[in-house]
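Student: Next up, input-v8.pdb (PDB, C-alpha atoms).
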MODEL        1
ATOM      1  CA  MET A   1       0.000   0.000   0.000  1.00  0.00           C
ATOM      2  CA  LYS A   2       1.401   3.428  -0.978  1.00  0.00           C
ATOM      3  CA  GLU A   3       1.957   6.022   1.763  1.00  0.00           C
ATOM      4  CA  THR A   4      -0.898   8.294   0.616  1.00  0.00           C
ATOM      5  CA  GLN A   5      -3.283   5.327   0.381  1.00  0.00           C
ATOM      6  CA  GLU A   6      -2.120   4.099   3.789  1.00  0.00           C
ATOM      7  CA  LYS A   7      -2.810   7.428   5.470  1.00  0.00           C
ATOM      8  CA  GLU A   8      -6.237   7.607   3.808  1.00  0.00           C
ATOM      9  CA  PHE A   9      -6.970   4.091   5.031  1.00  0.00           C
ATOM     10  CA  TYR A  10      -6.078   4.892   8.639  1.00  0.00           C
ATOM     11  CA  GLU A  11      -8.039   8.147   8.577  1.00  0.00           C
ATOM     12  CA  LYS A  12     -11.106   6.167   7.468  1.00  0.00           C
ATOM     13  CA  THR A  13     -10.537   3.347   9.966  1.00  0.00           C
ATOM     14  CA  LYS A  14     -10.449   5.640  13.045  1.00  0.00           C
ATOM     15  CA  ASP A  15     -10.150   2.830  15.618  1.00  0.00           C
ATOM     16  CA  TRP A  16      -8.770  -0.685  16.155  1.00  0.00           C
ATOM     17  CA  ASP A  17     -11.379  -2.172  18.465  1.00  0.00           C
ATOM     18  CA  PHE A  18     -11.879  -5.631  16.932  1.00  0.00           C
ATOM     19  CA  SER A  19     -14.250  -6.987  19.613  1.00  0.00           C
ATOM     20  CA  LYS A  20     -17.202  -6.795  17.205  1.00  0.00           C
ATOM     21  CA  PHE A  21     -15.569  -9.432  14.970  1.00  0.00           C
ATOM     22  CA  GLU A  22     -15.753 -12.018  17.778  1.00  0.00           C
ATOM     23  CA  ILE A  23     -12.316 -13.396  16.911  1.00  0.00           C
ATOM     24  CA  GLU A  24     -11.170 -16.509  18.771  1.00  0.00           C
ATOM     25  CA  SER A  25      -7.377 -16.512  19.018  1.00  0.00           C
ATOM     26  CA  GLU A  26      -5.033 -19.409  19.627  1.00  0.00           C
ATOM     27  CA  THR A  27      -1.454 -18.387  20.389  1.00  0.00           C
ATOM     28  CA  LEU A  28       1.247 -20.911  19.485  1.00  0.00           C
ATOM     29  CA  THR A  29       4.186 -18.843  20.754  1.00  0.00           C
ATOM     30  CA  ASN A  30       5.045 -18.166  24.395  1.00  0.00           C
ATOM     31  CA  TRP A  31       5.663 -14.431  23.960  1.00  0.00           C
ATOM     32  CA  GLU A  32       2.978 -12.051  25.203  1.00  0.00           C
ATOM     33  CA  PHE A  33       3.515  -8.371  24.460  1.00  0.00           C
ATOM     34  CA  TYR A  34       1.356  -6.900  27.225  1.00  0.00           C
ATOM     35  CA  GLU A  35       2.662  -9.303  29.868  1.00  0.00           C
ATOM     36  CA  ILE A  36       6.216  -8.175  29.093  1.00  0.00           C
ATOM     37  CA  LEU A  37       5.204  -4.505  29.161  1.00  0.00           C
ATOM     38  CA  ASN A  38       3.500  -4.838  32.531  1.00  0.00           C
ATOM     39  CA  GLU A  39       6.453  -6.754  33.977  1.00  0.00           C
ATOM     40  CA  LEU A  40       8.908  -4.025  32.909  1.00  0.00           C
ATOM     41  CA  ALA A  41       6.795  -1.064  34.044  1.00  0.00           C
ATOM     42  CA  THR A  42       6.735   0.377  37.551  1.00  0.00           C
ATOM     43  CA  LYS A  43       4.458   2.974  39.126  1.00  0.00           C
ATOM     44  CA  ASP A  44       7.050   5.635  38.200  1.00  0.00           C
ATOM     45  CA  SER A  45       7.488   4.601  34.546  1.00  0.00           C
ATOM     46  CA  LYS A  46       6.983   6.996  31.654  1.00  0.00           C
ATOM     47  CA  ILE A  47       5.811   5.135  28.538  1.00  0.00           C
ATOM     48  CA  LEU A  48       5.619   6.252  24.903  1.00  0.00           C
ATOM     49  CA  ASP A  49       3.265   4.261  22.667  1.00  0.00           C
ATOM     50  CA  LEU A  50       3.891   4.666  18.923  1.00  0.00           C
ATOM     51  CA  GLY A  51       1.064   3.789  16.537  1.00  0.00           C
ATOM     52  CA  THR A  52      -1.556   3.992  19.263  1.00  0.00           C
ATOM     53  CA  GLY A  53      -4.517   3.898  16.839  1.00  0.00           C
ATOM     54  CA  GLY A  54      -7.801   4.555  18.634  1.00  0.00           C
ATOM     55  CA  GLY A  55      -6.146   4.016  22.018  1.00  0.00           C
ATOM     56  CA  GLU A  56      -8.191   0.932  22.924  1.00  0.00           C
ATOM     57  CA  LYS A  57      -5.203  -1.237  23.872  1.00  0.00           C
ATOM     58  CA  VAL A  58      -3.464   1.543  25.778  1.00  0.00           C
ATOM     59  CA  ILE A  59      -6.561   2.154  27.878  1.00  0.00           C
ATOM     60  CA  LYS A  60      -7.334  -1.523  28.507  1.00  0.00           C
ATOM     61  CA  CYS A  61      -3.910  -3.184  28.666  1.00  0.00           C
ATOM     62  CA  PHE A  62      -1.261  -0.638  29.667  1.00  0.00           C
ATOM     63  CA  PRO A  63      -0.197  -0.419  33.320  1.00  0.00           C
ATOM     64  CA  GLU A  64      -1.056   2.281  35.829  1.00  0.00           C
ATOM     65  CA  CYS A  65       2.149   4.319  35.937  1.00  0.00           C
ATOM     66  CA  SER A  66       3.440   7.888  36.084  1.00  0.00           C
ATOM     67  CA  GLU A  67       2.728   8.857  32.455  1.00  0.00           C
ATOM     68  CA  ILE A  68       1.685   7.333  29.125  1.00  0.00           C
ATOM     69  CA  ILE A  69       1.823   9.265  25.847  1.00  0.00           C
ATOM     70  CA  GLY A  70       0.145   7.604  22.868  1.00  0.00           C
ATOM     71  CA  THR A  71       0.857   8.923  19.372  1.00  0.00           C
ATOM     72  CA  ASP A  72      -0.461   8.281  15.875  1.00  0.00           C
ATOM     73  CA  TYR A  73      -0.035  10.145  12.588  1.00  0.00           C
ATOM     74  CA  SER A  74      -3.764   9.922  11.890  1.00  0.00           C
ATOM     75  CA  LYS A  75      -5.769  12.844  13.310  1.00  0.00           C
ATOM     76  CA  GLU A  76      -8.950  10.758  13.127  1.00  0.00           C
ATOM     77  CA  MET A  77      -7.340   7.973  15.169  1.00  0.00           C
ATOM     78  CA  ILE A  78      -6.298  10.452  17.852  1.00  0.00           C
ATOM     79  CA  THR A  79      -9.788  11.973  17.894  1.00  0.00           C
ATOM     80  CA  THR A  80     -11.149   8.483  18.556  1.00  0.00           C
ATOM     81  CA  ALA A  81      -8.459   7.836  21.178  1.00  0.00           C
ATOM     82  CA  ASN A  82      -9.356  11.001  23.097  1.00  0.00           C
ATOM     83  CA  LYS A  83     -13.030  10.064  22.990  1.00  0.00           C
ATOM     84  CA  ASN A  84     -12.223   6.586  24.338  1.00  0.00           C
ATOM     85  CA  LEU A  85      -9.974   8.112  27.001  1.00  0.00           C
ATOM     86  CA  LYS A  86     -12.712  10.426  28.241  1.00  0.00           C
ATOM     87  CA  GLU A  87     -15.087   7.491  28.567  1.00  0.00           C
ATOM     88  CA  SER A  88     -12.480   5.378  30.400  1.00  0.00           C
ATOM     89  CA  GLY A  89     -11.765   7.827  33.195  1.00  0.00           C
ATOM     90  CA  ARG A  90      -8.012   7.097  33.167  1.00  0.00           C
ATOM     91  CA  LYS A  91      -5.870  10.077  34.182  1.00  0.00           C
ATOM     92  CA  ASN A  92      -2.291   9.086  33.326  1.00  0.00           C
ATOM     93  CA  ILE A  93      -2.704   8.953  29.514  1.00  0.00           C
ATOM     94  CA  THR A  94      -2.296  11.652  26.859  1.00  0.00           C
ATOM     95  CA  PHE A  95      -2.834  11.195  23.118  1.00  0.00           C
ATOM     96  CA  ARG A  96      -1.424  13.365  20.348  1.00  0.00           C
ATOM     97  CA  VAL A  97      -0.690  13.371  16.620  1.00  0.00           C
ATOM     98  CA  MET A  98       2.896  12.516  15.673  1.00  0.00           C
ATOM     99  CA  ASP A  99       4.720  10.853  12.798  1.00  0.00           C
ATOM    100  CA  ASN A 100       6.933   8.023  14.128  1.00  0.00           C
ATOM    101  CA  LEU A 101       9.570   8.802  11.508  1.00  0.00           C
ATOM    102  CA  ASN A 102       9.712  12.470  12.560  1.00  0.00           C
ATOM    103  CA  MET A 103       9.480  12.162  16.313  1.00  0.00           C
ATOM    104  CA  ASP A 104       9.002  15.271  18.437  1.00  0.00           C
ATOM    105  CA  VAL A 105       9.598  14.140  22.023  1.00  0.00           C
ATOM    106  CA  PRO A 106      12.173  14.999  24.746  1.00  0.00           C
ATOM    107  CA  GLU A 107      15.499  13.167  24.845  1.00  0.00           C
ATOM    108  CA  ASN A 108      16.325  10.793  27.731  1.00  0.00           C
ATOM    109  CA  TYR A 109      12.738  11.024  28.978  1.00  0.00           C
ATOM    110  CA  PHE A 110      10.942   7.678  28.649  1.00  0.00           C
ATOM    111  CA  ASP A 111      11.509   4.435  30.544  1.00  0.00           C
ATOM    112  CA  ILE A 112       9.729   2.314  27.915  1.00  0.00           C
ATOM    113  CA  VAL A 113       8.930   2.938  24.263  1.00  0.00           C
ATOM    114  CA  VAL A 114       6.327   0.697  22.671  1.00  0.00           C
ATOM    115  CA  ALA A 115       5.691   0.312  18.925  1.00  0.00           C
ATOM    116  CA  ARG A 116       2.816  -1.851  17.749  1.00  0.00           C
ATOM    117  CA  ASN A 117       2.339  -2.691  14.069  1.00  0.00           C
ATOM    118  CA  THR A 118       3.850   0.597  12.914  1.00  0.00           C
ATOM    119  CA  PRO A 119       7.040   1.918  11.244  1.00  0.00           C
ATOM    120  CA  THR A 120       9.793   3.030  13.613  1.00  0.00           C
ATOM    121  CA  ASP A 121      13.032   4.998  13.732  1.00  0.00           C
ATOM    122  CA  PRO A 122      15.117   3.110  16.313  1.00  0.00           C
ATOM    123  CA  LYS A 123      17.817   5.807  16.408  1.00  0.00           C
ATOM    124  CA  ALA A 124      15.241   8.438  17.386  1.00  0.00           C
ATOM    125  CA  ILE A 125      13.717   6.036  19.906  1.00  0.00           C
ATOM    126  CA  TYR A 126      17.165   5.429  21.416  1.00  0.00           C
ATOM    127  CA  LYS A 127      17.586   9.170  21.995  1.00  0.00           C
ATOM    128  CA  CYS A 128      14.265   9.595  23.806  1.00  0.00           C
ATOM    129  CA  LEU A 129      14.849   6.637  26.149  1.00  0.00           C
ATOM    130  CA  LYS A 130      16.539   6.957  29.501  1.00  0.00           C
ATOM    131  CA  GLU A 131      19.693   4.939  30.060  1.00  0.00           C
ATOM    132  CA  GLY A 132      18.549   1.392  30.846  1.00  0.00           C
ATOM    133  CA  GLY A 133      15.173   2.009  29.210  1.00  0.00           C
ATOM    134  CA  TYR A 134      13.402  -0.586  27.068  1.00  0.00           C
ATOM    135  CA  LEU A 135      12.041  -0.791  23.548  1.00  0.00           C
ATOM    136  CA  LEU A 136       9.221  -3.219  22.767  1.00  0.00           C
ATOM    137  CA  ILE A 137       8.096  -3.829  19.173  1.00  0.00           C
ATOM    138  CA  HIS A 138       5.176  -5.929  17.985  1.00  0.00           C
ATOM    139  CA  GLY A 139       4.862  -6.154  14.210  1.00  0.00           C
ATOM    140  CA  VAL A 140       3.110  -7.955  11.377  1.00  0.00           C
ATOM    141  CA  ASP A 141       5.565 -10.079   9.409  1.00  0.00           C
ATOM    142  CA  ARG A 142       5.736 -10.693   5.658  1.00  0.00           C
ATOM    143  CA  ASP A 143       4.292 -14.209   5.816  1.00  0.00           C
ATOM    144  CA  ASP A 144       1.236 -13.125   7.814  1.00  0.00           C
ATOM    145  CA  CYS A 145      -1.890 -14.674   6.206  1.00  0.00           C
ATOM    146  CA  TRP A 146       0.397 -16.056   3.500  1.00  0.00           C
ATOM    147  CA  GLY A 147      -2.083 -18.570   2.106  1.00  0.00           C
ATOM    148  CA  LEU A 148      -4.601 -15.776   1.574  1.00  0.00           C
ATOM    149  CA  LYS A 149      -1.994 -13.511  -0.032  1.00  0.00           C
ATOM    150  CA  MET A 150      -0.843 -16.280  -2.373  1.00  0.00           C
ATOM    151  CA  LEU A 151      -4.410 -16.809  -3.531  1.00  0.00           C
ATOM    152  CA  PHE A 152      -4.862 -13.094  -4.271  1.00  0.00           C
ATOM    153  CA  GLY A 153      -1.325 -12.650  -5.607  1.00  0.00           C
ATOM    154  CA  ARG A 154      -0.901  -9.499  -3.518  1.00  0.00           C
ATOM    155  CA  GLY A 155      -0.934  -8.280   0.043  1.00  0.00           C
ATOM    156  CA  GLN A 156       0.919  -6.498   2.823  1.00  0.00           C
ATOM    157  CA  GLY A 157       4.633  -7.199   2.350  1.00  0.00           C
ATOM    158  CA  TYR A 158       3.913  -9.737  -0.412  1.00  0.00           C
ATOM    159  CA  ASN A 159       6.748  -8.524  -2.662  1.00  0.00           C
ATOM    160  CA  ASP A 160       9.241  -7.660   0.072  1.00  0.00           C
ATOM    161  CA  ILE A 161      12.607  -9.314  -0.486  1.00  0.00           C
ATOM    162  CA  LYS A 162      13.549  -9.164   3.200  1.00  0.00           C
ATOM    163  CA  PRO A 163      10.959  -9.760   5.968  1.00  0.00           C
ATOM    164  CA  ILE A 164      10.079  -6.626   7.916  1.00  0.00           C
ATOM    165  CA  SER A 165      10.956  -8.495  11.122  1.00  0.00           C
ATOM    166  CA  LEU A 166      14.576  -8.808   9.983  1.00  0.00           C
ATOM    167  CA  VAL A 167      14.663  -5.192   8.783  1.00  0.00           C
ATOM    168  CA  ASP A 168      13.422  -3.973  12.171  1.00  0.00           C
ATOM    169  CA  TYR A 169      15.820  -6.268  14.020  1.00  0.00           C
ATOM    170  CA  GLU A 170      18.823  -4.990  12.065  1.00  0.00           C
ATOM    171  CA  ASN A 171      17.735  -1.353  12.510  1.00  0.00           C
ATOM    172  CA  VAL A 172      17.446  -1.808  16.278  1.00  0.00           C
ATOM    173  CA  LEU A 173      20.902  -3.389  16.417  1.00  0.00           C
ATOM    174  CA  ASN A 174      22.367  -0.587  14.296  1.00  0.00           C
ATOM    175  CA  ALA A 175      20.839   2.008  16.642  1.00  0.00           C
ATOM    176  CA  ASN A 176      23.189   0.740  19.366  1.00  0.00           C
ATOM    177  CA  PHE A 177      20.605  -1.072  21.510  1.00  0.00           C
ATOM    178  CA  LYS A 178      21.774  -4.053  23.554  1.00  0.00           C
ATOM    179  CA  ASP A 179      20.107  -7.299  24.644  1.00  0.00           C
ATOM    180  CA  VAL A 180      18.173  -7.286  21.363  1.00  0.00           C
ATOM    181  CA  GLU A 181      15.934 -10.313  20.824  1.00  0.00           C
ATOM    182  CA  LEU A 182      13.692 -11.151  17.860  1.00  0.00           C
ATOM    183  CA  VAL A 183      10.871 -13.666  18.410  1.00  0.00           C
ATOM    184  CA  PRO A 184       8.563 -15.046  15.677  1.00  0.00           C
ATOM    185  CA  ILE A 185       4.936 -15.151  16.863  1.00  0.00           C
ATOM    186  CA  HIS A 186       2.477 -17.667  15.412  1.00  0.00           C
ATOM    187  CA  ASP A 187      -1.258 -17.295  16.048  1.00  0.00           C
ATOM    188  CA  ARG A 188      -4.439 -18.844  14.697  1.00  0.00           C
ATOM    189  CA  GLU A 189      -7.552 -16.697  14.477  1.00  0.00           C
ATOM    190  CA  TYR A 190     -11.041 -18.117  13.993  1.00  0.00           C
ATOM    191  CA  PHE A 191     -14.126 -16.285  12.690  1.00  0.00           C
ATOM    192  CA  ASN A 192     -17.652 -17.501  13.391  1.00  0.00           C
ATOM    193  CA  ASN A 193     -19.015 -16.771   9.931  1.00  0.00           C
ATOM    194  CA  GLU A 194     -18.301 -15.432   6.447  1.00  0.00           C
ATOM    195  CA  TYR A 195     -19.791 -12.008   7.166  1.00  0.00           C
ATOM    196  CA  LEU A 196     -17.451 -11.334  10.107  1.00  0.00           C
ATOM    197  CA  PHE A 197     -14.450 -12.612   8.154  1.00  0.00           C
ATOM    198  CA  LYS A 198     -15.097 -10.342   5.173  1.00  0.00           C
ATOM    199  CA  ALA A 199     -15.859  -7.369   7.403  1.00  0.00           C
ATOM    200  CA  PHE A 200     -12.531  -7.933   9.173  1.00  0.00           C
ATOM    201  CA  LEU A 201     -10.595  -7.986   5.883  1.00  0.00           C
ATOM    202  CA  LYS A 202     -12.143  -4.667   4.916  1.00  0.00           C
ATOM    203  CA  LYS A 203     -10.981  -3.236   8.240  1.00  0.00           C
ATOM    204  CA  VAL A 204      -7.298  -4.223   8.026  1.00  0.00           C
ATOM    205  CA  PRO A 205      -4.610  -3.648   5.343  1.00  0.00           C
ATOM    206  CA  ILE A 206      -3.782  -7.343   4.773  1.00  0.00           C
ATOM    207  CA  ILE A 207      -4.933  -7.320   1.127  1.00  0.00           C
ATOM    208  CA  GLU A 208      -4.386  -4.117  -0.870  1.00  0.00           C
ATOM    209  CA  ASP A 209      -7.415  -2.484  -2.490  1.00  0.00           C
ATOM    210  CA  PHE A 210      -9.714  -4.590  -0.301  1.00  0.00           C
ATOM    211  CA  ASN A 211     -10.403  -1.854   2.218  1.00  0.00           C
ATOM    212  CA  TYR A 212     -12.298   0.670   0.159  1.00  0.00           C
ATOM    213  CA  ASP A 213     -16.001   0.671  -0.668  1.00  0.00           C
ATOM    214  CA  SER A 214     -17.503  -2.696  -1.679  1.00  0.00           C
ATOM    215  CA  ILE A 215     -15.786  -6.010  -2.444  1.00  0.00           C
ATOM    216  CA  ASN A 216     -15.462  -6.560  -6.189  1.00  0.00           C
ATOM    217  CA  GLU A 217     -16.690  -9.765  -7.817  1.00  0.00           C
ATOM    218  CA  GLU A 218     -13.234 -11.222  -8.508  1.00  0.00           C
ATOM    219  CA  ASP A 219     -12.118 -10.769  -4.905  1.00  0.00           C
ATOM    220  CA  ASP A 220     -15.366 -12.283  -3.694  1.00  0.00           C
ATOM    221  CA  VAL A 221     -14.741 -15.444  -5.745  1.00  0.00           C
ATOM    222  CA  LEU A 222     -11.210 -15.750  -4.350  1.00  0.00           C
ATOM    223  CA  LEU A 223     -12.498 -15.274  -0.811  1.00  0.00           C
ATOM    224  CA  ASP A 224     -15.102 -17.998  -1.273  1.00  0.00           C
ATOM    225  CA  GLU A 225     -12.305 -20.331  -2.407  1.00  0.00           C
ATOM    226  CA  TYR A 226     -10.194 -19.476   0.635  1.00  0.00           C
ATOM    227  CA  ILE A 227     -13.147 -19.929   2.997  1.00  0.00           C
ATOM    228  CA  SER A 228     -14.011 -23.344   1.537  1.00  0.00           C
ATOM    229  CA  LYS A 229     -10.436 -24.554   2.116  1.00  0.00           C
ATOM    230  CA  ASN A 230      -9.952 -23.020   5.548  1.00  0.00           C
ATOM    231  CA  THR A 231     -13.134 -23.765   7.473  1.00  0.00           C
ATOM    232  CA  TYR A 232     -12.741 -25.987  10.533  1.00  0.00           C
ATOM    233  CA  ASN A 233     -15.679 -27.019  12.718  1.00  0.00           C
ATOM    234  CA  GLY A 234     -17.740 -24.273  11.134  1.00  0.00           C
ATOM    235  CA  LYS A 235     -15.179 -21.528  11.801  1.00  0.00           C
ATOM    236  CA  ILE A 236     -12.932 -19.779   9.271  1.00  0.00           C
ATOM    237  CA  ARG A 237      -9.246 -19.945  10.186  1.00  0.00           C
ATOM    238  CA  LEU A 238      -6.649 -17.299   9.440  1.00  0.00           C
ATOM    239  CA  LEU A 239      -2.974 -18.022  10.165  1.00  0.00           C
ATOM    240  CA  ARG A 240      -1.274 -14.961  11.620  1.00  0.00           C
ATOM    241  CA  ARG A 241       2.469 -14.374  11.672  1.00  0.00           C
ATOM    242  CA  TYR A 242       3.772 -11.577  13.870  1.00  0.00           C
ATOM    243  CA  TYR A 243       7.112 -10.817  15.465  1.00  0.00           C
ATOM    244  CA  GLY A 244       8.267  -9.352  18.749  1.00  0.00           C
ATOM    245  CA  ILE A 245      11.454  -7.431  19.509  1.00  0.00           C
ATOM    246  CA  THR A 246      12.786  -6.487  22.928  1.00  0.00           C
ATOM    247  CA  ALA A 247      15.835  -4.273  23.412  1.00  0.00           C
ATOM    248  CA  LYS A 248      17.529  -2.190  26.092  1.00  0.00           C
ATOM    249  CA  LYS A 249      19.397   1.121  25.941  1.00  0.00           C
TER     250      LYS A 249
ENDMDL
END
Write out the structure in this file as structure tokens.
Tutor:
Amino acid sequence: MKETQEKEFYEKTKDWDFSKFEIESETLTNWEFYEILNELATKDSKILDLGTGGGEKVIKCFPECSEIIGTDYSKEMITTANKNLKESGRKNITFRVMDNLNMDVPENYFDIVVARNTPTDPKAIYKCLKEGGYLLIHGVDRDDCWGLKMLFGRGQGYNDIKPISLVDYENVLNANFKDVELVPIHDREYFNNEYLFKAFLKKVPIIEDFNYDSINEEDDVLLDEYISKNTYNGKIRLLRRYYGITAKK
């Protein structure tokens, strides 16, 4: 997806609350992003969340601590995040618009920087972390939903020569972080019916040109083929491939 299309997509999406899709997840990897975050954080921690989206995960899953700043380059996402924050009643969270690749934050300020499914500049992140601070990255890898992408002949990262997980890993190493670990994360997601599955695919950028307006006839035929081959006990299965990175300044 081109940068202009990507920004348009996120402005239209406005939030990342997937509860309405009733997804049943089965995690095959013993690496849990929010468990690690909550183990690292203390009541005095200052946390920066990059790619915060509509703020749902920050509000529900982030620890009570001194300060949390959530950023996203989509104004609509941040509008949604502030609305969700007001409804939550939490007092230690602030949301604002910021481009991760042009960060505007104080140096040596944060104890933990979190980046979830979003581009990063590890050198800029290194500068804004305190000495001994941590970076946590959760990303979507190239082979995520690979069977679906092969069927369509396109998709997020489909033509990438090097997996984004390896690119991120190398960039973190080159930024002078230490104790850098890269973990592949394998999940299975199950959808209760065809309607929820198709609605989900329109919500996320897994398949390019699938997120705008109505599904075209050709895509609908391909989806029906995928669904027929990947239905188990009445539920549609999607194989997810993520990655996690932990690092220390």
Student: Given all atoms listed in the file as the basis, pick out the residue of A:Glu218, A:Asp168, A:Asp179, A:Glu189 nearest to Glu24 of chain A.
Tutor: A:Glu189
Student: Near Cys61 of chain A, counting only C-alpha atoms, which residues have an atom at most 12 Å away, once you skip same-chain residues fewer than 2 positions from it, shown as a PyMOL selection string?
Tutor: chain A and resi 32-38+49+55-59+63-64+68+90
Student: Pick the closest to Phe177 of chain A from A:Met150, A:Cys128, A:Ala247, A:Met77: which is it, counting all atoms listed in the file?
Tutor: A:Ala247
Student: Would you kindly translate the PyMOL selection byres ((chain A and resi 242) around 12) into the concrete residues it picks from this file, as a PDB file with C-alpha atoms, in the frame of the given file?
Tutor:
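For reference, part_33.pdb as written:
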ATOM      1  CA  THR A  27      -1.454 -18.387  20.389  1.00  0.00           C
ATOM      2  CA  LEU A  28       1.247 -20.911  19.485  1.00  0.00           C
ATOM      3  CA  THR A  29       4.186 -18.843  20.754  1.00  0.00           C
ATOM      4  CA  TRP A  31       5.663 -14.431  23.960  1.00  0.00           C
ATOM      5  CA  GLU A  32       2.978 -12.051  25.203  1.00  0.00           C
ATOM      6  CA  PHE A  33       3.515  -8.371  24.460  1.00  0.00           C
ATOM      7  CA  ARG A 116       2.816  -1.851  17.749  1.00  0.00           C
ATOM      8  CA  ASN A 117       2.339  -2.691  14.069  1.00  0.00           C
ATOM      9  CA  ILE A 137       8.096  -3.829  19.173  1.00  0.00           C
ATOM     10  CA  HIS A 138       5.176  -5.929  17.985  1.00  0.00           C
ATOM     11  CA  GLY A 139       4.862  -6.154  14.210  1.00  0.00           C
ATOM     12  CA  VAL A 140       3.110  -7.955  11.377  1.00  0.00           C
ATOM     13  CA  ASP A 141       5.565 -10.079   9.409  1.00  0.00           C
ATOM     14  CA  ARG A 142       5.736 -10.693   5.658  1.00  0.00           C
ATOM     15  CA  ASP A 143       4.292 -14.209   5.816  1.00  0.00           C
ATOM     16  CA  ASP A 144       1.236 -13.125   7.814  1.00  0.00           C
ATOM     17  CA  CYS A 145      -1.890 -14.674   6.206  1.00  0.00           C
ATOM     18  CA  TRP A 146       0.397 -16.056   3.500  1.00  0.00           C
ATOM     19  CA  PRO A 163      10.959  -9.760   5.968  1.00  0.00           C
ATOM     20  CA  ILE A 164      10.079  -6.626   7.916  1.00  0.00           C
ATOM     21  CA  SER A 165      10.956  -8.495  11.122  1.00  0.00           C
ATOM     22  CA  LEU A 166      14.576  -8.808   9.983  1.00  0.00           C
ATOM     23  CA  LEU A 182      13.692 -11.151  17.860  1.00  0.00           C
ATOM     24  CA  VAL A 183      10.871 -13.666  18.410  1.00  0.00           C
ATOM     25  CA  PRO A 184       8.563 -15.046  15.677  1.00  0.00           C
ATOM     26  CA  ILE A 185       4.936 -15.151  16.863  1.00  0.00           C
ATOM     27  CA  HIS A 186       2.477 -17.667  15.412  1.00  0.00           C
ATOM     28  CA  ASP A 187      -1.258 -17.295  16.048  1.00  0.00           C
ATOM     29  CA  ARG A 188      -4.439 -18.844  14.697  1.00  0.00           C
ATOM     30  CA  LEU A 239      -2.974 -18.022  10.165  1.00  0.00           C
ATOM     31  CA  ARG A 240      -1.274 -14.961  11.620  1.00  0.00           C
ATOM     32  CA  ARG A 241       2.469 -14.374  11.672  1.00  0.00           C
ATOM     33  CA  TYR A 243       7.112 -10.817  15.465  1.00  0.00           C
ATOM     34  CA  GLY A 244       8.267  -9.352  18.749  1.00  0.00           C
ATOM     35  CA  ILE A 245      11.454  -7.431  19.509  1.00  0.00           C
TER      36      ILE A 245
END
Student: What gap, in Å, lies between atom CA of Asn100 of chain A and atom CA of Leu136 of chain A?
Tutor: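 Going from atom CA of Asn100 of chain A over to atom CA of Leu136 of chain A, I get 14.4 Å.
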